[in-house]
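Input: a single structure, listed below in structure tokens.
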Amino acid sequence: MSVSSRSAVAIHALTMLARWRDRTLTSGGIADSLASNPVLVRRILGNLRDAGLVRSIEGRHGGWQLARPAREITLYDAYAAVEAGPVLSRHPHPPSEACEVGRNMQHLLAVEFEAAERAMEERLGRTTIAQLAGRVLDIEREAARRGD
């Protein structure tokens, strides 16, 4: 598969921004939550900005904020902002036309892979960043209730 961790980083960052929507967050703060490198986070945030999902605020109290309401941003929006190309890799070069499998496989895989990618797009498009942020809060409240 061709999907990298960029999608997970983007969704994590967007969920943090939704959770603390009343303030700006720095790429360093987001990177701390990810236990990752701020440079990687800034690169992902730049892609999200280019897609119109986040905005950067300059100055002393600057940082990042959502550019749209979290209920209007889907997981697919985050995926599409940071991933290039199809999810499932196609043949790196044309198979042999001399083989009955080879001459038919590209078309057969294209049909199956495209259907799988549409299903992924549809599924990720059903979940919003607001829903994830709400789930985080629910999990934390339940943990606090149990005394975890």
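Simple scheme: letters A, B, ... for chains in structure tokens order, numbers from 1 for residues in each chain, numbers from 1 for ligands in the order shown.
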Determine which residues of chain A receive a DSSP assignment of helix (DSSP H, G or I), computed from the backbone, and state them as a ChimeraX atom specification. /A:6-19,27-34,38-50,70-72,75-82,100-125,129-146
Which residues are close to A:Gly62, i.e. within 12 Å by only C-alpha atoms, leaving aside same-chain residues fewer than 5 positions away? Reply as a ChimeraX atom specification. /A:23-28,55-57
Could you turn the residues from that selection into a file that holds N, CA and C atoms, as an mmCIF file, in the first residue's frame?
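Result file follows (part.cif):
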data_model
loop_
_atom_site.group_PDB
_atom_site.id
_atom_site.type_symbol
_atom_site.label_atom_id
_atom_site.label_comp_id
_atom_site.auth_asym_id
_atom_site.auth_seq_id
_atom_site.Cartn_x
_atom_site.Cartn_y
_atom_site.Cartn_z
ATOM 1 N N ARG A 23 -8.019 28.412 21.027
ATOM 2 C CA ARG A 23 -6.656 28.959 21.061
ATOM 3 C C ARG A 23 -5.852 28.435 19.890
ATOM 4 N N THR A 24 -4.724 29.062 19.657
ATOM 5 C CA THR A 24 -3.823 28.584 18.608
ATOM 6 C C THR A 24 -2.860 27.576 19.229
ATOM 7 N N LEU A 25 -2.444 26.635 18.432
ATOM 8 C CA LEU A 25 -1.467 25.644 18.868
ATOM 9 C C LEU A 25 -0.231 25.766 17.992
ATOM 10 N N THR A 26 0.922 25.587 18.580
ATOM 11 C CA THR A 26 2.160 25.636 17.817
ATOM 12 C C THR A 26 2.448 24.264 17.206
ATOM 13 N N SER A 27 3.253 24.269 16.171
ATOM 14 C CA SER A 27 3.661 22.990 15.580
ATOM 15 C C SER A 27 4.459 22.181 16.600
ATOM 16 N N GLY A 28 5.207 22.862 17.473
ATOM 17 C CA GLY A 28 5.944 22.163 18.522
ATOM 18 C C GLY A 28 5.019 21.470 19.507
ATOM 19 N N ARG A 55 -5.235 27.403 9.237
ATOM 20 C CA ARG A 55 -4.587 28.681 8.931
ATOM 21 C C ARG A 55 -3.530 28.930 9.998
ATOM 22 N N SER A 56 -2.505 29.652 9.598
ATOM 23 C CA SER A 56 -1.463 30.004 10.556
ATOM 24 C C SER A 56 -1.667 31.450 10.979
ATOM 25 N N ILE A 57 -1.387 31.693 12.249
ATOM 26 C CA ILE A 57 -1.497 33.023 12.838
ATOM 27 C C ILE A 57 -0.082 33.458 13.189
#
Atomic separation - atom CA of A:Glu72 relative to atom CA of A:Ser36, Å: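 According to the coordinates, atom CA of A:Ser36 and atom CA of A:Glu72 are separated by 26.8 Å.
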Which of stretch 2-101 of chain A counts as strand (DSSP E) under DSSP, as a short mmCIF file (atom, residue, chain, number, x, y, z; two decimals) with N, CA, C and O atoms, in the first residue's frame please?
data_model
loop_
_atom_site.label_atom_id
_atom_site.label_comp_id
_atom_site.auth_asym_id
_atom_site.auth_seq_id
_atom_site.Cartn_x
_atom_site.Cartn_y
_atom_site.Cartn_z
N VAL A 54 -6.58 24.47 7.60
CA VAL A 54 -6.02 25.20 8.75
C VAL A 54 -5.49 26.54 8.27
O VAL A 54 -5.31 26.77 7.07
N ARG A 55 -5.24 27.40 9.24
CA ARG A 55 -4.59 28.68 8.93
C ARG A 55 -3.53 28.93 10.00
O ARG A 55 -3.65 28.48 11.14
N SER A 56 -2.50 29.65 9.60
CA SER A 56 -1.46 30.00 10.56
C SER A 56 -1.67 31.45 10.98
O SER A 56 -2.07 32.29 10.18
N ILE A 57 -1.39 31.69 12.25
CA ILE A 57 -1.50 33.02 12.84
C ILE A 57 -0.08 33.46 13.19
O ILE A 57 0.64 32.75 13.90
N GLY A 63 0.32 30.64 15.91
CA GLY A 63 0.26 29.19 15.85
C GLY A 63 -0.71 28.78 14.76
O GLY A 63 -0.85 29.48 13.75
N TRP A 64 -1.40 27.70 14.99
CA TRP A 64 -2.31 27.14 14.00
C TRP A 64 -3.72 27.03 14.56
O TRP A 64 -3.90 26.77 15.75
N GLN A 65 -4.69 27.22 13.67
CA GLN A 65 -6.10 27.07 14.00
C GLN A 65 -6.79 26.40 12.82
O GLN A 65 -6.29 26.45 11.68
N LEU A 66 -7.97 25.84 13.08
CA LEU A 66 -8.77 25.33 11.98
C LEU A 66 -9.27 26.50 11.15
O LEU A 66 -9.62 27.54 11.70
#
With only C-alpha atoms as the counted atoms, please give the residues lying no more than 8 Å from A:Gly125, apart from itself and same-chain residues fewer than 3 positions off, as a VMD selection string. chain A and resid 74 to 77 121 to 122 128
For A:Gln106, which of A:Ser7, A:Ser89, A:Asn47, A:Thr127 is the closest residue, counting only C-alpha atoms? A:Ser89
A:Ala8, A:Gly59, A:Arg71, A:Pro92 ranked by distance to A:Val41, top pick (using only C-alpha atoms):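 Going through A:Ala8, A:Gly59, A:Arg71, A:Pro92 one by one, the smallest distance to A:Val41 is for A:Ala8.
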Work out how far atom CA of A:Leu124 is from atom CA of A:Leu137, in Å to one decimal.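 Spanning atom CA of A:Leu137 to atom CA of A:Leu124 is a straight-line distance of 20.3 Å.
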Students should find that atom CA of A:Leu88 and atom CA of A:Gly102 are spaced 18.2 Å
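If you measure from each of A:Asp50, A:Glu100, A:Asp22, A:Glu58 to A:Val82 using only C-alpha atoms, the closest one turns out to be A:Asp50.
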12 Å contact set for A:His91, only C-alpha atoms, chain neighbours under 6 positions out, as an MDAnalysis selection string: chainID A and resid 102:103 105:110 113
